[in-house]
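Colleague: Dropping the structure in here first, questions after.
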Amino acid sequence: MHVTRLEARGFRRFAEVNLLPAPGINLITGENGAGKTSLLEALHLMAYGRSFRGRVRDGLIRAGDPALEVFVEWQEARRDQRRKAGLRHSGQEWVGRLDGASVSQLGELCAALAVVSFEPGSHSLITGAGEIRRRYLDWGLFHVEPDFTPLWRRYTRALKQRNALLKARARDGQLDAWDHELAEAGEPLTRRRHQYLDELQPKFSALAAELAPGLGAVRLDYLPGWRRDEFPLADALLLARERDQLASYTSVGPHRADWRIAFGGLPGREALSRGQAKLTALCALLAQAEHHAAIRGEWPVVALDDLASELDRNHQQRVLERLLASKAQVFITGTDPPPALASMQVELTRFHVEHGLLGELPQSS
Ligand SMILES: Nc1ncnc2c1ncn2[C@@H]1O[C@H](COP(=O)(O)OP(=O)(O)OP(=O)(O)O)[C@@H](O)[C@H]1O
């Protein structure tokens with residue numbers, strides 16, 4: 001898929017911005033603080049329902065403006081279909097529209113537009129909290145398995161209910177029903193996530209061998225959130241009940257799941273340098289994009305924020321060559337064009353941002 005229009009109003013420093021990108025490589029340059037990252041952030045917001053650097057209260061809405069609006073149009077090659085989505089926040093709540101109709105859940109927008117973003121905070125996918133890694137798996141599954149979303153919603157709802165009952169000190173009989181519901185949704189949800197991670201493994205290994213060969217062979221392990229090899233989720237919930245009643249929350253289940261990367265050449269993920277953690281995160285994101293392409297028949301949009309400061313020239317080149325071969329639409333930002341691009345004879349569509357104003361530069365290669 002490729003984005004044909006990205007519009008934002010009242011977003012970060014932009015009063016109004018309108019970007020008409022090309023299907024191939026789009027390079028956005030500008031000085032520090034000009035607004036380059038904000039453009040990718042707006043795209044990410046539409047594709048994930050959240051920013052990669054903060055919430056609304058952290059300044060997504062332009063100072064002095066009543067609301068922010070983001071509008072994206074994109075083309076799906078698979079169905080030769082043009083699609084559009086809008087998102088608005090006026091300080092109270094998000095309102096979303098997809099293909100001209102209101103959406104009841106922002107998740108509907110997120111499952112429609114597929115964007116993979118690599119940005120300065122991406123290493124947290126490897127070194128950060130388990131929630132980030134769960135979200136990564138779920139985002140992939142929202143896109144490649146249409147019946148994953150209802151399953152995920154069912155589990156999330158049951159978890160909310162069980163936690164509310166635990167807080168209200170409800171009787172065992174009331175908890176039984178929600179334990180049953182959690183297990184009914186949680187078991188298949190776990191199987192899907194586990195299988196998805198297994199499917200990512202060969203893609204991840206191939207990317208790691210190319211981008212981070214010094215780290216050795218890669219293994220991805222799924223940690224389900226309870227001792228699944230010993231008993232089913234229903235039993236785990238029952239066994240944990242007394243403890244959960246004391247703590248007023250559910251301590252076992254897929255909401256506590258995680259996954260782990262083990263490299264043959266390293267003792268543990270803590271042994272990764274920050275640069276290696278970034279490369280590993282990039283491998284994870286590209287593996288997900290390749291998997292998406294294999295199942296859906298087209299690449300997600302790939303957004304690489306500040307590529308030159310994230311990767312050395314050699315790694316930039318390897319990543320860009322891979323993306324060029326994929327025919328994915330790519331957005332790259334930087335204060336200057338990344339050095340690897342200069343030597344690659346790539347056809348580029350160039351934009352320049354200055355003090356929150358965007359202009360298109362003549363095409364270059
Ligand atoms: N809510 C807001 N209202 C007005 N301006 C804002 C708001 N939030 C951020 N900004 C401004 O937007 C700019 C941040 O833009 P952004 O991070 O996209 O820049 P950038 O071009 O990626 O910079 P860098 O190269 O330094 O990473 C800063 O100048 C910041 O002061």
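Chain labels run A, B, ... following the order of the structure tokens; each chain numbers its residues from 1, and ligands are numbered from 1 in the order shown.
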Grab me every residue within 6 Å of ligand 1, counting only C-alpha atoms and all ligand atoms, and send it over as a list in words.
Modeller: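 Within the 6 Å cut-off, the matching residues are Arg12, Arg13, Gly30, Glu31, Asn32, Gly33, Ala34, Gly35, Lys36, Thr37, Ser38, Gly59, Leu60, Ile61, Arg62, Ala63 and Thr335 of chain A.
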Colleague: Go ahead and save the residues from that selection, with C-alpha atoms, as a tab-separated table (two decimals), in the first residue's frame.
Modeller:
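Final output, saved to selection_4.tsv:
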```tsv
chain	number	residue	atom	x	y	z
A	12	ARG	CA	2.59	19.81	16.86
A	13	ARG	CA	3.98	22.93	15.19
A	30	GLY	CA	14.85	20.17	7.42
A	31	GLU	CA	16.67	21.70	10.35
A	32	ASN	CA	16.34	20.46	13.91
A	33	GLY	CA	12.88	21.23	15.22
A	34	ALA	CA	11.49	21.99	11.74
A	35	GLY	CA	8.74	19.35	12.04
A	36	LYS	CA	10.08	16.31	10.11
A	37	THR	CA	9.40	13.77	12.84
A	38	SER	CA	5.96	15.27	13.39
A	59	GLY	CA	1.64	18.35	23.27
A	60	LEU	CA	0.22	16.62	20.20
A	61	ILE	CA	-2.24	19.48	19.73
A	62	ARG	CA	-0.58	22.66	18.50
A	63	ALA	CA	-0.23	25.26	21.26
A	335	THR	CA	18.59	17.10	8.70
```
Colleague: Go through segment 107-170 of chain A and collect every residue that DSSP, computed from the backbone, puts in helix (DSSP H, G or I); the answer should be as a PyMOL selection string.
Modeller: chain A and resi 107-112+124-127+130-144+148-167
Colleague: Would you compute the distance between atom CA of Asp138 of chain A and atom CA of Gln276 of chain A? Give it in Å to one decimal.
Modeller: 24.1 Å
Colleague: Which residues come within 8 Å of Pro66 of chain A, counting only C-alpha atoms, excluding same-chain residues fewer than 6 positions away, as a PyMOL selection string?
Modeller: chain A and resi 10+90-91
Colleague: Would you mind exporting C-alpha atoms of the selected residues as a PDB file, in the first residue's frame?
Modeller:
```pdb
ATOM      1  CA  GLY A  10      -3.246  21.812  14.608  1.00  0.00           C
ATOM      2  CA  SER A  90     -10.272  18.177  20.634  1.00  0.00           C
ATOM      3  CA  GLY A  91      -8.758  17.605  24.045  1.00  0.00           C
TER       4      GLY A  91
END
```
Colleague: Write out as JSON lines a residue-level contact list of segment 184-203 of chain A versus segment 248-253 of chain A with cut-off 12 Å: for each qualifying residue the closest pair of atoms and the distance in Å to one decimal, counting only C-alpha atoms, rows sorted by chain and residue number upward.
Modeller:
```
{"residue": "A:Glu184", "atom": "CA", "partner": "A:Gly253", "partner_atom": "CA", "distance": 11.5}
{"residue": "A:Ala185", "atom": "CA", "partner": "A:Gly253", "partner_atom": "CA", "distance": 10.4}
{"residue": "A:Gly186", "atom": "CA", "partner": "A:Gly253", "partner_atom": "CA", "distance": 7.0}
{"residue": "A:Glu187", "atom": "CA", "partner": "A:Gly253", "partner_atom": "CA", "distance": 9.0}
{"residue": "A:Pro188", "atom": "CA", "partner": "A:Gly253", "partner_atom": "CA", "distance": 11.9}
{"residue": "A:Leu189", "atom": "CA", "partner": "A:Gly253", "partner_atom": "CA", "distance": 10.3}
{"residue": "A:Thr190", "atom": "CA", "partner": "A:Gly253", "partner_atom": "CA", "distance": 9.0}
```
Colleague: Could the residues of segment 256-309 of chain A that have an atom at most 7 Å from segment 121-134 of chain A be listed as JSON lines, each with its closest atom pair and the distance in Å to one decimal, counting only C-alpha atoms and ordered by chain and ascending residue number?
Modeller:
```
{"residue": "A:Ala257", "atom": "CA", "partner": "A:Arg134", "partner_atom": "CA", "distance": 6.8}
{"residue": "A:Asp258", "atom": "CA", "partner": "A:Gly130", "partner_atom": "CA", "distance": 5.2}
{"residue": "A:Trp259", "atom": "CA", "partner": "A:Arg133", "partner_atom": "CA", "distance": 6.8}
{"residue": "A:Ala277", "atom": "CA", "partner": "A:His123", "partner_atom": "CA", "distance": 5.4}
{"residue": "A:Lys278", "atom": "CA", "partner": "A:His123", "partner_atom": "CA", "distance": 4.6}
{"residue": "A:Ala281", "atom": "CA", "partner": "A:His123", "partner_atom": "CA", "distance": 5.6}
```
Colleague: When you count only C-alpha atoms, which of these residues is closest to Ala112 of chain A: A:Gln81, A:Gln92, A:Ser273, A:Gln329?
Modeller: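 Answer, going by the shortest atom-to-atom distance: A:Gln81.
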Colleague: Applying 7 Å and only C-alpha atoms, which residues near Val301 of chain A remain after dropping the ones on its own chain fewer than 4 positions away? List them as a VMD selection string.
Modeller: chain A and resid 1 to 2 114 to 116 328 to 330
Colleague: Can you tell me which residues surround Leu109 of chain A at a distance of at most 10 Å, considering only C-alpha atoms, apart from same-chain residues fewer than 6 positions away, and format the answer as a list in words?
Modeller: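 So, after excluding close chain neighbours, the residues are Leu45, Met46, Ala47, Tyr48, Gly49, Lys84, Ala85, Gly86, Leu87, Gly96, Arg97, Leu98, Asp99 and Val103 of chain A.
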Colleague: Quote the spacing between atom CA of Ala287 of chain A and atom CA of Glu76 of chain A in Å to one decimal place.
Modeller: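 These two atoms are separated by 20.5 Å.
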Colleague: Got a sec to tell me which of segment 239-360 of chain A DSSP assigns to strand (DSSP E), as a PDB file with C-alpha atoms, in the first residue's frame?
Modeller:
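The resulting states_17.pdb:
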```
ATOM      1  CA  ASP A 258       6.086 -11.434  26.518  1.00  0.00           C
ATOM      2  CA  TRP A 259       8.611 -12.676  23.978  1.00  0.00           C
ATOM      3  CA  ARG A 260      12.337 -12.877  24.154  1.00  0.00           C
ATOM      4  CA  ILE A 261      15.202 -12.810  21.711  1.00  0.00           C
ATOM      5  CA  ALA A 262      18.219 -14.989  22.340  1.00  0.00           C
ATOM      6  CA  PHE A 263      21.341 -14.489  20.247  1.00  0.00           C
ATOM      7  CA  VAL A 301       4.408   1.751   4.441  1.00  0.00           C
ATOM      8  CA  VAL A 302       7.852   2.018   6.050  1.00  0.00           C
ATOM      9  CA  ALA A 303       8.759   5.182   7.987  1.00  0.00           C
ATOM     10  CA  LEU A 304      12.393   5.680   9.020  1.00  0.00           C
ATOM     11  CA  VAL A 330       9.383   4.533   2.310  1.00  0.00           C
ATOM     12  CA  PHE A 331       9.577   7.807   4.240  1.00  0.00           C
ATOM     13  CA  ILE A 332      12.985   8.902   5.463  1.00  0.00           C
ATOM     14  CA  THR A 333      13.686  12.001   7.529  1.00  0.00           C
ATOM     15  CA  GLY A 334      16.958  13.709   8.357  1.00  0.00           C
ATOM     16  CA  LEU A 348      13.825  10.178  -4.707  1.00  0.00           C
ATOM     17  CA  THR A 349      10.885  12.431  -4.050  1.00  0.00           C
ATOM     18  CA  ARG A 350      12.184  15.182  -1.814  1.00  0.00           C
ATOM     19  CA  PHE A 351      10.427  17.458   0.628  1.00  0.00           C
ATOM     20  CA  HIS A 352      11.812  20.146   2.849  1.00  0.00           C
ATOM     21  CA  VAL A 353      10.281  21.432   6.082  1.00  0.00           C
ATOM     22  CA  GLU A 354      11.132  24.825   7.470  1.00  0.00           C
ATOM     23  CA  LEU A 357       6.051  24.841   6.405  1.00  0.00           C
ATOM     24  CA  LEU A 358       6.495  22.067   3.856  1.00  0.00           C
ATOM     25  CA  GLY A 359       7.748  22.357   0.297  1.00  0.00           C
ATOM     26  CA  GLU A 360       8.539  19.824  -2.418  1.00  0.00           C
TER      27      GLU A 360
END
```
